[in-house]
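run03.cif, holding mmCIF, C-alpha atoms:
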data_upload
#
loop_
_atom_site.label_atom_id
_atom_site.label_comp_id
_atom_site.auth_asym_id
_atom_site.auth_seq_id
_atom_site.Cartn_x
_atom_site.Cartn_y
_atom_site.Cartn_z
CA MET A 1 128.50 21.32 96.88
CA PRO A 2 125.42 22.26 98.97
CA SER A 3 125.94 23.60 102.48
CA VAL A 4 123.97 23.30 105.70
CA ILE A 5 124.17 24.89 109.16
CA VAL A 6 122.90 22.78 112.05
CA THR A 7 122.44 24.08 115.60
CA GLY A 8 122.57 21.79 118.62
CA SER A 9 124.90 19.35 116.85
CA CYS A 10 126.70 17.65 119.71
CA GLN A 11 124.14 14.88 120.23
CA GLY A 12 120.79 13.42 119.26
CA LEU A 13 118.97 14.80 116.23
CA GLY A 14 121.53 17.51 115.48
CA LEU A 15 124.41 15.04 115.44
CA GLU A 16 122.48 12.69 113.16
CA PHE A 17 121.61 15.54 110.79
CA CYS A 18 125.33 16.33 110.54
CA ARG A 19 126.24 12.68 110.04
CA GLN A 20 123.74 12.10 107.24
CA TYR A 21 124.39 15.34 105.37
CA ALA A 22 128.15 14.82 105.61
CA ALA A 23 127.78 11.28 104.23
CA ALA A 24 125.69 12.72 101.39
CA GLY A 25 128.55 15.02 100.40
CA TRP A 26 127.30 18.30 101.88
CA ARG A 27 129.44 20.93 103.52
CA VAL A 28 128.29 20.96 107.16
CA LEU A 29 128.68 23.81 109.64
CA ALA A 30 127.92 22.06 112.92
CA THR A 31 127.35 24.38 115.88
CA CYS A 32 127.21 23.36 119.50
CA LEU A 33 127.59 24.88 122.94
CA ALA A 34 130.93 23.28 123.88
CA PRO A 35 132.98 21.79 121.02
CA ASP A 36 135.75 20.80 123.44
CA THR A 37 133.49 18.19 125.02
CA ALA A 38 131.61 17.16 121.85
CA ASP A 39 133.73 14.07 121.26
CA THR A 40 131.43 12.27 118.82
CA LEU A 41 130.95 15.41 116.73
CA THR A 42 134.71 15.98 116.70
CA GLN A 43 135.23 12.42 115.50
CA LEU A 44 132.69 13.02 112.74
CA ALA A 45 134.61 16.11 111.64
CA ALA A 46 137.81 14.06 111.55
CA GLN A 47 136.08 11.49 109.33
CA PHE A 48 134.54 14.07 106.99
CA PRO A 49 136.76 17.08 106.19
CA ARG A 50 133.68 18.98 104.95
CA VAL A 51 132.35 19.12 108.54
CA THR A 52 133.36 22.23 110.49
CA VAL A 53 132.59 22.36 114.22
CA LEU A 54 131.78 25.83 115.56
CA ALA A 55 130.97 27.04 119.07
CA LEU A 56 127.61 28.70 119.48
CA ASP A 57 125.38 29.49 122.45
CA VAL A 58 122.05 30.25 120.78
CA THR A 59 121.00 32.40 123.76
CA ASP A 60 123.89 34.77 122.95
CA PHE A 61 122.54 36.78 120.05
CA ALA A 62 125.81 38.70 119.68
CA ALA A 63 127.52 35.33 119.18
CA ILE A 64 125.04 34.52 116.40
CA ASP A 65 126.00 37.80 114.73
CA ARG A 66 129.71 36.97 115.07
CA LEU A 67 129.20 33.52 113.58
CA ALA A 68 127.41 34.99 110.58
CA GLU A 69 130.19 37.51 110.12
CA SER A 70 132.82 34.74 110.23
CA VAL A 71 131.21 33.15 107.16
CA ALA A 72 130.02 36.42 105.68
CA THR A 73 130.69 35.53 102.04
CA ASP A 74 129.35 31.97 102.21
CA ALA A 75 126.21 30.69 100.56
CA ILE A 76 123.95 28.55 102.77
CA ASP A 77 121.48 26.19 101.14
CA LEU A 78 119.80 24.92 104.30
CA LEU A 79 119.59 26.27 107.85
CA ILE A 80 118.44 23.71 110.42
CA CYS A 81 117.33 25.21 113.73
CA ASN A 82 117.55 22.14 115.95
CA ALA A 83 118.84 23.37 119.33
CA GLY A 84 116.12 23.11 121.96
CA VAL A 85 115.34 22.23 125.57
CA ASN A 86 112.46 20.64 127.46
CA PRO A 87 112.82 21.23 131.21
CA ASP A 88 109.27 19.95 131.74
CA ASN A 89 110.64 16.40 131.56
CA ALA A 90 112.09 16.90 135.03
CA GLY A 91 110.11 19.89 136.30
CA PRO A 92 107.32 19.84 138.90
CA GLY A 93 104.67 21.13 136.47
CA PHE A 94 101.68 23.37 137.01
CA GLY A 95 101.40 24.67 140.56
CA SER A 96 105.17 25.00 140.91
CA LEU A 97 106.25 26.49 137.60
CA ASP A 98 109.70 28.05 137.33
CA TYR A 99 109.04 31.28 135.44
CA GLY A 100 112.71 32.13 135.15
CA ALA A 101 113.31 28.80 133.44
CA TRP A 102 110.30 29.46 131.21
CA ARG A 103 111.92 32.67 129.95
CA GLU A 104 115.10 30.74 129.14
CA VAL A 105 113.10 28.08 127.27
CA LEU A 106 111.40 30.77 125.20
CA THR A 107 114.79 32.27 124.34
CA ILE A 108 116.23 28.93 123.20
CA ASN A 109 113.18 27.37 121.55
CA THR A 110 111.42 30.42 120.11
CA LEU A 111 113.53 33.57 119.88
CA ALA A 112 116.83 31.97 118.84
CA PRO A 113 115.49 30.26 115.69
CA VAL A 114 113.97 33.54 114.53
CA LYS A 115 117.23 35.35 115.24
CA LEU A 116 119.18 32.71 113.31
CA VAL A 117 116.98 33.02 110.24
CA GLU A 118 117.11 36.81 110.37
CA THR A 119 120.88 36.88 110.78
CA PHE A 120 121.65 34.29 108.11
CA LEU A 121 119.19 35.71 105.58
CA PRO A 122 121.98 37.10 103.33
CA HIS A 123 123.65 33.68 103.29
CA LEU A 124 120.38 31.93 102.45
CA LYS A 125 119.74 34.36 99.60
CA ARG A 126 123.06 33.27 98.06
CA GLY A 127 122.15 29.59 98.34
CA ARG A 128 120.53 27.51 95.61
CA ARG A 129 118.06 25.55 97.74
CA ARG A 130 117.08 28.43 100.04
CA GLN A 131 115.49 26.35 102.79
CA VAL A 132 115.00 26.70 106.53
CA ALA A 133 114.03 23.65 108.60
CA VAL A 134 112.94 24.20 112.19
CA ILE A 135 112.47 21.39 114.69
CA SER A 136 109.06 21.81 116.29
CA SER A 137 106.95 19.16 118.02
CA CYS A 138 103.54 17.51 117.99
CA MET A 139 103.22 19.08 121.44
CA SER A 140 103.04 22.48 119.78
CA SER A 141 99.56 21.67 118.50
CA ILE A 142 96.75 23.44 120.35
CA ALA A 143 94.13 21.29 118.62
CA ASN A 144 95.83 18.06 119.75
CA ASN A 145 96.41 19.07 123.36
CA GLN A 146 94.06 16.80 125.26
CA SER A 147 96.49 15.76 128.01
CA GLY A 148 97.74 19.07 129.42
CA GLY A 149 101.08 19.37 131.16
CA TYR A 150 104.43 20.42 129.68
CA ILE A 151 103.30 24.04 129.65
CA THR A 152 106.65 25.73 129.14
CA TYR A 153 107.70 23.40 126.33
CA ARG A 154 104.32 23.43 124.59
CA VAL A 155 104.10 27.23 124.66
CA SER A 156 107.64 27.68 123.36
CA LYS A 157 106.96 25.42 120.37
CA THR A 158 103.51 26.89 119.67
CA ALA A 159 105.07 30.36 119.67
CA LEU A 160 107.82 29.03 117.42
CA ASN A 161 105.22 27.83 114.90
CA ALA A 162 103.43 31.18 114.93
CA SER A 163 106.70 33.07 114.53
CA MET A 164 107.90 30.91 111.67
CA ARG A 165 104.56 31.15 109.91
CA SER A 166 105.10 34.91 109.73
CA VAL A 167 108.75 34.47 108.77
CA ALA A 168 107.68 32.15 105.94
CA VAL A 169 105.40 34.85 104.54
CA ASP A 170 108.12 37.49 104.86
CA LEU A 171 110.67 35.26 103.09
CA GLN A 172 108.40 34.25 100.23
CA PRO A 173 109.50 37.16 97.99
CA HIS A 174 113.10 35.96 98.40
CA GLY A 175 112.27 32.40 97.33
CA ILE A 176 113.16 31.02 100.76
CA SER A 177 110.90 28.36 102.27
CA VAL A 178 110.44 27.48 105.95
CA LEU A 179 109.46 24.02 107.16
CA LEU A 180 108.30 23.22 110.68
CA LEU A 181 109.09 19.59 111.51
CA HIS A 182 107.99 17.10 114.14
CA PRO A 183 110.74 14.46 114.41
CA GLY A 184 108.58 11.86 116.14
CA TRP A 185 109.30 10.31 119.52
CA VAL A 186 113.04 9.68 119.29
CA ARG A 187 115.50 7.92 121.58
CA THR A 188 117.55 10.95 122.57
CA SER A 189 118.32 12.58 125.91
CA MET A 190 115.05 14.48 125.52
CA GLY A 191 112.93 11.61 124.20
CA GLY A 192 114.24 9.00 126.59
CA PRO A 193 115.12 5.31 126.14
CA ASP A 194 111.53 4.14 125.62
CA ALA A 195 110.94 6.24 122.50
CA THR A 196 109.84 4.45 119.35
CA LEU A 197 112.35 5.87 116.85
CA SER A 198 116.11 5.92 116.55
CA PRO A 199 117.77 9.20 115.54
CA GLU A 200 118.74 7.58 112.23
CA GLU A 201 115.11 6.69 111.44
CA SER A 202 113.82 10.14 112.39
CA ILE A 203 116.43 12.11 110.46
CA THR A 204 116.17 9.87 107.40
CA GLY A 205 112.47 10.72 107.31
CA LEU A 206 113.00 14.43 107.96
CA ARG A 207 115.58 14.65 105.19
CA ARG A 208 113.08 13.13 102.78
CA VAL A 209 110.50 15.72 103.82
CA ILE A 210 112.99 18.57 103.38
CA GLU A 211 114.15 17.27 100.00
CA ALA A 212 110.61 16.85 98.67
CA ALA A 213 109.19 20.11 100.06
CA SER A 214 107.61 22.59 97.68
CA PRO A 215 107.32 26.36 98.21
CA ALA A 216 103.59 25.87 98.78
CA GLN A 217 104.37 23.96 101.99
CA SER A 218 106.33 26.82 103.52
CA GLY A 219 105.15 27.83 106.98
CA ARG A 220 103.36 24.54 107.67
CA LEU A 221 104.00 21.75 110.18
CA PHE A 222 104.87 18.22 109.04
CA ASP A 223 105.96 15.06 110.81
CA PHE A 224 108.94 12.88 109.85
CA GLU A 225 106.73 10.87 107.49
CA GLY A 226 105.58 13.95 105.59
CA LYS A 227 102.10 14.14 107.11
CA GLU A 228 100.80 17.63 107.80
CA MET A 229 99.91 18.22 111.44
CA PRO A 230 97.16 20.44 112.91
CA TRP A 231 97.99 23.68 114.63
#

Target encoding structure tokens, full file:
Amino acid sequence: MPSVIVTGSCQGLGLEFCRQYAAAGWRVLATCLAPDTADTLTQLAAQFPRVTVLALDVTDFAAIDRLAESVATDAIDLLICNAGVNPDNAGPGFGSLDYGAWREVLTINTLAPVKLVETFLPHLKRGRRRQVAVISSCMSSIANNQSGGYITYRVSKTALNASMRSVAVDLQPHGISVLLLHPGWVRTSMGGPDATLSPEESITGLRRVIEAASPAQSGRLFDFEGKEMPW
């Protein structure tokens, strides 16, 4: 049975990833910040015995190491780096930027995914599919930025793309591919109630993209419909 690790699993895209992969018969390691309050995720784990809920604060790199050690002999087919934040939704924007918050956003959105891939590399090498999927955003695109704003979020995702492009090259000799994915505008706590897609629609599309991906697509950015996006 294939196995997947998903970060940020307590709600939104992460929860839907876990739901769909569990329904498809995968073993799911679902990580979230506070399992004790992740009621829907806990209910999912009760419904599907192959779902294991694990506590993980992605800003705590020692905790990432401990998690990897706790499953040290496991093979991982797919690592999904989904955990992310966008404080710009509520922030005052340029002219009153919170640089302390910006550092935290970079840690969560940029550094943590790289740390996760680096730490779980031995597990991915043991897997059959050997895939990494990283949730990026259309707002990461420099070429498409005609509206400005959202500086901290944009920069964190642009840096994520650049980092994962290098990671993809480094992992090529190991047969591990890295996909950067734009989920679309989704009705989550980040996307808001007016978004055009449900989590089910977005993740169904992303799973198709992941399933159909070839090694030649590693290190590139695609949307939930499989269209390549400009950097």

Residues in the PyMOL selection byres ((chain A and resi 146-157) around 12), expressed as a PyMOL selection string: chain A and resi 82+84-113+134-145+158-164+180-182+190+221+231

Could you tell me how far CA of Asp77 in chain A lies from CA of Arg129 in chain A, in Å and to one decimal? 4.9 Å

List every protein, DNA or RNA residue that has an atom no more than 9 Å from (123.1, 10.2, 112.2) in the file's coordinate frame, counting all atoms listed in the file, and report them as JSON, numbers by chain. {"A": [12, 13, 14, 15, 16, 17, 18, 19, 20, 21, 199, 200, 201, 203, 204]}

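Interatomic distance, CA of Thr52 in chain A to CA of Trp185 in chain A: 28.3 Å.
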
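Residues lying within 10 Å of range 212-214 of chain A, counting only C-alpha atoms and ignoring same-chain neighbours fewer than 3 positions away, are A:Gln131, A:Ser177, A:Val178, A:Leu179, A:Leu206, A:Arg207, A:Arg208, A:Val209, A:Gln217, A:Ser218, A:Gly226.
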
Which of A:Leu116, A:Ala24, A:Met229, A:Ile176 sits closest to Ala62 in chain A [using all atoms listed in the file]: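 Comparing A:Leu116, A:Ala24, A:Met229, A:Ile176 against Ala62 in chain A, the winner is A:Leu116.
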
Would you write out, as CSV, a table of all residues in range 139-202 of chain A that have an atom no more than 9 Å from an atom of range 117-127 of chain A, listing for each the closest atom pair and the distance in Å to one decimal, considering all atoms listed in the file and ordering rows by chain and rising residue number?
residue,atom,partner,partner_atom,distance
A:Val167,CA,A:Val117,CA,8.5
A:Leu171,CA,A:Leu121,CA,8.9
A:His174,CA,A:Lys125,CA,6.9
A:Gly175,CA,A:Lys125,CA,8.0
A:Ile176,CA,A:Lys125,CA,7.5

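Taking CA of Arg50 in chain A and CA of Ser3 in chain A as the two end points, the separation is 9.3 Å.
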
Pick from A:Ala23, A:Gly205, A:Val28, A:Val114, whichever lies nearest to Phe61 in chain A using all atoms listed in the file: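 Of the candidates, the smallest distance to Phe61 in chain A is held by A:Val114.
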
Run the PyMOL selection byres ((chain A and resi 27) around 7) against the file shown and list the residues it catches, as a PDB file with C-alpha atoms, in the coordinates of the input.
ATOM      1  CA  MET A   1     128.500  21.320  96.880  1.00  0.00           C
ATOM      2  CA  PRO A   2     125.420  22.260  98.970  1.00  0.00           C
ATOM      3  CA  SER A   3     125.940  23.600 102.480  1.00  0.00           C
ATOM      4  CA  VAL A   4     123.970  23.300 105.700  1.00  0.00           C
ATOM      5  CA  ALA A  22     128.150  14.820 105.610  1.00  0.00           C
ATOM      6  CA  GLY A  25     128.550  15.020 100.400  1.00  0.00           C
ATOM      7  CA  TRP A  26     127.300  18.300 101.880  1.00  0.00           C
ATOM      8  CA  VAL A  28     128.290  20.960 107.160  1.00  0.00           C
ATOM      9  CA  LEU A  29     128.680  23.810 109.640  1.00  0.00           C
ATOM     10  CA  ARG A  50     133.680  18.980 104.950  1.00  0.00           C
ATOM     11  CA  VAL A  51     132.350  19.120 108.540  1.00  0.00           C
TER      12      VAL A  51
END

Using only C-alpha atoms, find the one residue out of A:Ala38, A:Ile80, A:Ser70, A:Thr7 that sits nearest to Val58 in chain A. A:Thr7

6 Å per side around range 171-183 of chain A: axis-aligned box centre and edge lengths, as lines of an AutoDock Vina configuration file:
center_x = 110.6
center_y = 25.8
center_z = 105.9
size_x = 17.2
size_y = 34.7
size_z = 29.1
